[in-house]
Amino acid sequence: MNREALFIERAGQVGVTVIAVGTLDEAVERAVELCRERRVQRAALWDAPEMAPIRAGLRAEGVEILDPRGSFETLAHAEIGITGADWGVAETGTIVLASGPGQPQAASLLPPLHLAVLRADRIVPDLATLLELCGPLPSALVFITGPSRSADIGLVPVLGAHGPTAVTVLLVAG
Amino acid sequence: MPDRPTRIDLIRNIERALRDESLQRQMGKAMPASRKARADAAAELPEWESLRSAAAEIKDHVLANLESYLGQLESQVRALGGVVHWASDAAEARVIITDLARSRGVRRIVKSKSMTTEEIFLNPALESAGASVVETDLGEYVVQLAGERPSHLIAPVVHKPTGEISDLFVKKLGVPRYERPEDLARVAREVLRAEFLAAEMGITGVNFAIAETGTLVIVENEGNARLTTARPRIHVAVMGIEKVLPRLADLSVFLRILARSGTGQRSSVYVSLLTGRRRVGETDGPEELHLVILDNGRRRLLADPDLRGALRCIRCGACQNECPVYQHAGGHAYGSVYAGPIGAVLTPAYEGLEQARDLPFASTLCRACADVCPVKIDLPGMLVELRARAVRTGLAPRRDRMLVGAWTFFTRSPARFVLAGSLGRLAQRLLARGGKIERLPYPLSGWTAHRTAPLLASRPFRKRWKPPQEGPQ
Ligand code: SF4
């Protein structure tokens, strides 16, 4: 199995929805669709070049875009957080997010739905490869493997313990 | 405030646990499921055994060069704008952290799950310094509401059935009675979200600290540690000296074995690599970062060649899930923060063998713990060593010394062994009723406290056994 297929399989096994798209334009379409389905009114978007078309698409739909540099309180009102993903790890179905100015952790943590845009050529086979490649570390590098979960109460797995209930990855062909 | 007022009465605790039907039911459900999850996750990796060896080797290398890696970690964290505090014991750590809270006017604190802060009894100290402290891991939150302590490394509230949690939420939070775990989790999420937004200080443990980069690594499933470190203005991370790893590259081995051993996941949901405080232009992460590095008996353990291997522990909880004693006794019976096989080693080592003299005996030495430990700690060997120390220092119970003395006497020679058999057969004529013995006299009375004793055969094996005919091969 190639990296991309393994990533899709493993991410699926931990409850991540992976949507493979051919181009960034297609990714924009799917993001807009998803927000429409979920009746999203407010979205927290990372400030990144590849986010610009998605931002424009959502604005055209009438979705309010919250300033990613805004406060935690404000971003907590978003129904969806849309971020990039710097890497994907095939073995575990993990996405890796580096935080930075305009790219707060809040966007992948506070809203009930997290949508991440990952380029297929950023998928590495395993953790060891990632740690070799990831370069100088940002203030927070977060590995995300599925939606927030807990089995503390009654040993029953519950999603969305503190973070998102659902994670969707838009996998853009490399 | 004495950290450990009295000797741990393990036997009484276990007797109580065995009578606790809801505990037995909970453990009976949880432990087999955890064991299966771990076994499946380990079996998936053909390189599992070599990962365990690699992890043990890295840890041993760190322990052999501990001070130099700690020094490197300190200077890296400082270079990133963090402050490093050294605490030689629990009391010192409490003073450091409460002073930080007081001097910065902190009134509200959120915490994510950390055994190290349990170990130093941090919460009561912060509360008496006038701050509110809220545990934000779902299980720890329940434990805190109930006024209890966690009973398992990974599943702190494994001892509590859902119905009790429903009642607890009604009583403490004034909410309607919810039965379903997802509703209870939602209630807790809402209460805790507000706490995150209001807190000025976040306190976390550390799973791994990378000396090379000054990175603190925190592993979790819920996202509460991310919130604890991303939102409050001040982050205080508390770690034992043994948590340091040399290089970033070392992390992959440990992340792979930790999640698989603890919960059977390929990876935990969130692994945060935190390198320094908030940077220019960023809107989350702490403005102030404090790292408290705790000794609290660890350097003494490090100097003990027979037991130092216990410092490899990554707190995965696998040895607990596997242990036939822990499964029935539950975590609270061990009377300390660390339960199960690793607790039976760490508690006597940290708190003194006098306080915890029974703990090393709470094992069948079946080696199940050693078979699963991802860093290959020889837990049974350490328990035997601690037993020997208890005997040498006169701490072993009188009964045990009498029994071992008698055993030693009667097994010295064949004649004495035969004598023992004859005496036994004589005695059982007086004691046996209906082919079994209901009650043995002291010092053997423990044997028949919960079961009957079998009878010695009327004709010993020695007399029945015919040696095989010697003949040409
Ligand atoms: S002793 Fe080994 S098995 Fe037990 S918690 Fe520590 S690392 Fe896990």
# chains A, B, ... in the order shown; residues from 1 in each chain; ligands from 1

call {"tool": "residues_near_ligand", "arguments": {"ligand": "ligand 1", "cutoff": "10 Å", "atoms": "only C-alpha atoms and all ligand atoms", "output": "PyMOL selection string"}}
result
chain B and resi 56+152-154+257-258+261-262+309-323+338-343+345-346+368-379

call {"tool": "residues_around", "arguments": {"residues": "Ala76 in chain A", "least_positions_apart": "3", "cutoff": "6 Å", "atoms": "only C-alpha atoms", "output": "list in words"}}
result
Phe72, Glu73 and Leu110 of chain A

call {"tool": "write_last_selection", "arguments": {"atoms": "N, CA, C and O atoms", "output": "PDB file, in the first residue's frame"}}
result
ATOM      1  N   PHE A  72      -9.420  33.973  22.239  1.00  0.00           N
ATOM      2  CA  PHE A  72      -9.954  32.628  22.456  1.00  0.00           C
ATOM      3  C   PHE A  72     -11.483  32.670  22.546  1.00  0.00           C
ATOM      4  O   PHE A  72     -12.168  31.844  21.960  1.00  0.00           O
ATOM      5  N   GLU A  73     -11.981  33.662  23.307  1.00  0.00           N
ATOM      6  CA  GLU A  73     -13.425  33.784  23.510  1.00  0.00           C
ATOM      7  C   GLU A  73     -14.150  33.896  22.177  1.00  0.00           C
ATOM      8  O   GLU A  73     -15.170  33.252  21.956  1.00  0.00           O
ATOM      9  N   LEU A 110     -10.974  24.569  19.458  1.00  0.00           N
ATOM     10  CA  LEU A 110     -12.215  25.048  20.075  1.00  0.00           C
ATOM     11  C   LEU A 110     -13.487  24.675  19.309  1.00  0.00           C
ATOM     12  O   LEU A 110     -14.464  24.265  19.926  1.00  0.00           O
TER      13      LEU A 110
END

call {"tool": "closest_residue", "arguments": {"among": "A:Gly57, A:Glu79, A:Gln13, A:Asp25", "to": "chain B", "atoms": "only C-alpha atoms"}}
result
A:Gln13

call {"tool": "interface_residues", "arguments": {"of": "chain B", "to": "chain A", "cutoff": "6 Å", "atoms": "only C-alpha atoms", "output": "list in words"}}
result
Gly139, Pro161, Thr162, Pro181, Glu182, Arg189, Asn221, Glu222, Gly223, Asn224, Ala249, Ser252, Arg266, Val269, Tyr270, Val271, Ser272, Leu273, Leu274, Thr275, Gly276, Gly281, Glu282 and Thr283 of chain B

call {"tool": "select_by_dssp", "arguments": {"residues": "range 139-274 of chain B", "states": "strand (DSSP E or B)", "output": "list in words"}}
result
Met201, Gly202, Ile203, Thr204, Phe208, Ala209, Ile210, Thr215, Leu216, Val217, Ile218, Val219, Glu220, Ile234, His235, Val236, Ala237, Val238, Met239, Gly240, Val244, Leu245, Tyr270, Val271, Ser272, Leu273 and Leu274 of chain B

call {"tool": "atom_distance", "arguments": {"atom1": "CA of Ile165 in chain B", "atom2": "CA of Val142 in chain B"}}
result
7.1 Å

call {"tool": "residues_around", "arguments": {"residues": "Gly214 in chain B", "least_positions_apart": "4", "cutoff": "6 Å", "atoms": "only C-alpha atoms", "output": "list in words"}}
result
Leu73, Gln76, Val77 and Ile210 of chain B

call {"tool": "atom_distance", "arguments": {"atom1": "CA of Ser128 in chain B", "atom2": "CA of Tyr350 in chain B"}}
result
25.3 Å

call {"tool": "closest_atom_pairs", "arguments": {"of": "range 99-208 of chain B", "to": "range 23-39 of chain B", "cutoff": "7 Å", "atoms": "only C-alpha atoms", "output": "CSV"}}
result
residue,atom,partner,partner_atom,distance
B:Val158,CA,B:Gln26,CA,6.8
B:His159,CA,B:Leu23,CA,5.4
B:Lys160,CA,B:Leu23,CA,6.9
B:Pro161,CA,B:Gln26,CA,6.6

call {"tool": "residues_around", "arguments": {"residues": "Val143 in chain B", "least_positions_apart": "4", "cutoff": "12 Å", "atoms": "only C-alpha atoms", "output": "VMD selection string"}}
result
(chain A and resid 152 to 153) or (chain B and resid 113 118 134 to 139 147 to 152 155 to 160 164 to 165 168 to 169 332)

call {"tool": "atom_distance", "arguments": {"atom1": "CA of Gln144 in chain B", "atom2": "CA of Ile218 in chain B"}}
result
21.3 Å

call {"tool": "closest_residue", "arguments": {"among": "A:Gln41, A:Thr23, A:Thr165, A:Asn2", "to": "Pro112 in chain A", "atoms": "only C-alpha atoms"}}
result
A:Thr165

call {"tool": "closest_residue", "arguments": {"among": "A:Glu26, A:Glu33, A:Asp86, A:Glu9", "to": "Val172 in chain A", "atoms": "only C-alpha atoms"}}
result
A:Glu26

call {"tool": "closest_residue", "arguments": {"among": "B:Leu227, B:Leu426, B:Leu353, B:Leu403", "to": "Glu195 in chain B", "atoms": "only C-alpha atoms"}}
result
B:Leu227

call {"tool": "closest_residue", "arguments": {"among": "B:Gln327, B:Gln265, B:Ser132, B:Thr393", "to": "Ala17 in chain B", "atoms": "only C-alpha atoms"}}
result
B:Gln327

call {"tool": "decode", "arguments": {"residues": "range 53-64 of chain A", "atoms": "all heavy atoms", "output": "mmCIF file, in the first residue's frame"}}
result
data_model
loop_
_atom_site.group_PDB
_atom_site.id
_atom_site.type_symbol
_atom_site.label_atom_id
_atom_site.label_comp_id
_atom_site.auth_asym_id
_atom_site.auth_seq_id
_atom_site.Cartn_x
_atom_site.Cartn_y
_atom_site.Cartn_z
ATOM 1 N N PRO A 53 -8.335 31.231 -1.042
ATOM 2 C CA PRO A 53 -9.511 30.896 -1.861
ATOM 3 C C PRO A 53 -10.663 30.336 -1.030
ATOM 4 O O PRO A 53 -11.829 30.609 -1.332
ATOM 5 C CB PRO A 53 -8.991 29.826 -2.832
ATOM 6 C CG PRO A 53 -7.572 29.563 -2.508
ATOM 7 C CD PRO A 53 -7.128 30.489 -1.447
ATOM 8 N N ILE A 54 -10.359 29.591 0.023
ATOM 9 C CA ILE A 54 -11.425 29.056 0.872
ATOM 10 C C ILE A 54 -12.131 30.201 1.584
ATOM 11 O O ILE A 54 -13.359 30.249 1.673
ATOM 12 C CB ILE A 54 -10.866 28.035 1.890
ATOM 13 C CG1 ILE A 54 -10.302 26.816 1.148
ATOM 14 C CG2 ILE A 54 -11.942 27.602 2.881
ATOM 15 C CD1 ILE A 54 -9.727 25.731 2.025
ATOM 16 N N ARG A 55 -11.335 31.162 2.047
ATOM 17 C CA ARG A 55 -11.928 32.312 2.727
ATOM 18 C C ARG A 55 -12.884 33.040 1.783
ATOM 19 O O ARG A 55 -14.024 33.336 2.154
ATOM 20 C CB ARG A 55 -10.833 33.268 3.215
ATOM 21 C CG ARG A 55 -11.387 34.452 3.998
ATOM 22 C CD ARG A 55 -10.309 35.373 4.555
ATOM 23 N NE ARG A 55 -9.376 34.663 5.401
ATOM 24 C CZ ARG A 55 -8.101 34.421 5.094
ATOM 25 N NH1 ARG A 55 -7.612 34.868 3.946
ATOM 26 N NH2 ARG A 55 -7.327 33.771 5.907
ATOM 27 N N ALA A 56 -12.416 33.272 0.553
ATOM 28 C CA ALA A 56 -13.252 33.978 -0.427
ATOM 29 C C ALA A 56 -14.521 33.180 -0.699
ATOM 30 O O ALA A 56 -15.631 33.738 -0.733
ATOM 31 C CB ALA A 56 -12.462 34.199 -1.713
ATOM 32 N N GLY A 57 -14.372 31.872 -0.858
ATOM 33 C CA GLY A 57 -15.524 31.014 -1.133
ATOM 34 C C GLY A 57 -16.554 31.076 -0.018
ATOM 35 O O GLY A 57 -17.768 31.159 -0.269
ATOM 36 N N LEU A 58 -16.094 31.030 1.233
ATOM 37 C CA LEU A 58 -17.018 31.044 2.369
ATOM 38 C C LEU A 58 -17.687 32.401 2.520
ATOM 39 O O LEU A 58 -18.865 32.498 2.832
ATOM 40 C CB LEU A 58 -16.278 30.673 3.664
ATOM 41 C CG LEU A 58 -15.825 29.220 3.770
ATOM 42 C CD1 LEU A 58 -15.104 28.991 5.097
ATOM 43 C CD2 LEU A 58 -17.011 28.269 3.666
ATOM 44 N N ARG A 59 -16.894 33.455 2.261
ATOM 45 C CA ARG A 59 -17.464 34.814 2.341
ATOM 46 C C ARG A 59 -18.624 34.938 1.369
ATOM 47 O O ARG A 59 -19.684 35.461 1.721
ATOM 48 C CB ARG A 59 -16.393 35.850 1.986
ATOM 49 C CG ARG A 59 -15.483 36.185 3.128
ATOM 50 C CD ARG A 59 -15.369 37.700 3.356
ATOM 51 N NE ARG A 59 -14.621 37.940 4.588
ATOM 52 C CZ ARG A 59 -13.297 38.046 4.642
ATOM 53 N NH1 ARG A 59 -12.563 37.983 3.544
ATOM 54 N NH2 ARG A 59 -12.700 38.255 5.802
ATOM 55 N N ALA A 60 -18.413 34.419 0.153
ATOM 56 C CA ALA A 60 -19.452 34.497 -0.871
ATOM 57 C C ALA A 60 -20.720 33.770 -0.423
ATOM 58 O O ALA A 60 -21.820 34.098 -0.849
ATOM 59 C CB ALA A 60 -18.932 33.913 -2.187
ATOM 60 N N GLU A 61 -20.554 32.768 0.448
ATOM 61 C CA GLU A 61 -21.698 32.023 0.994
ATOM 62 C C GLU A 61 -22.361 32.753 2.151
ATOM 63 O O GLU A 61 -23.351 32.282 2.709
ATOM 64 C CB GLU A 61 -21.219 30.663 1.528
ATOM 65 C CG GLU A 61 -21.000 29.627 0.473
ATOM 66 C CD GLU A 61 -22.312 29.053 -0.064
ATOM 67 O OE1 GLU A 61 -23.137 28.618 0.755
ATOM 68 O OE2 GLU A 61 -22.494 29.071 -1.291
ATOM 69 N N GLY A 62 -21.751 33.849 2.576
ATOM 70 C CA GLY A 62 -22.297 34.592 3.706
ATOM 71 C C GLY A 62 -21.828 34.101 5.061
ATOM 72 O O GLY A 62 -22.416 34.425 6.082
ATOM 73 N N VAL A 63 -20.766 33.271 5.060
ATOM 74 C CA VAL A 63 -20.225 32.798 6.338
ATOM 75 C C VAL A 63 -19.327 33.885 6.930
ATOM 76 O O VAL A 63 -18.516 34.477 6.216
ATOM 77 C CB VAL A 63 -19.414 31.501 6.139
ATOM 78 C CG1 VAL A 63 -18.722 31.080 7.434
ATOM 79 C CG2 VAL A 63 -20.300 30.386 5.618
ATOM 80 N N GLU A 64 -19.519 34.154 8.228
ATOM 81 C CA GLU A 64 -18.674 35.144 8.878
ATOM 82 C C GLU A 64 -17.312 34.524 9.188
ATOM 83 O O GLU A 64 -17.227 33.443 9.767
ATOM 84 C CB GLU A 64 -19.339 35.611 10.186
ATOM 85 C CG GLU A 64 -18.561 36.701 10.899
ATOM 86 C CD GLU A 64 -19.132 36.989 12.288
ATOM 87 O OE1 GLU A 64 -20.260 36.534 12.595
ATOM 88 O OE2 GLU A 64 -18.444 37.659 13.080
#
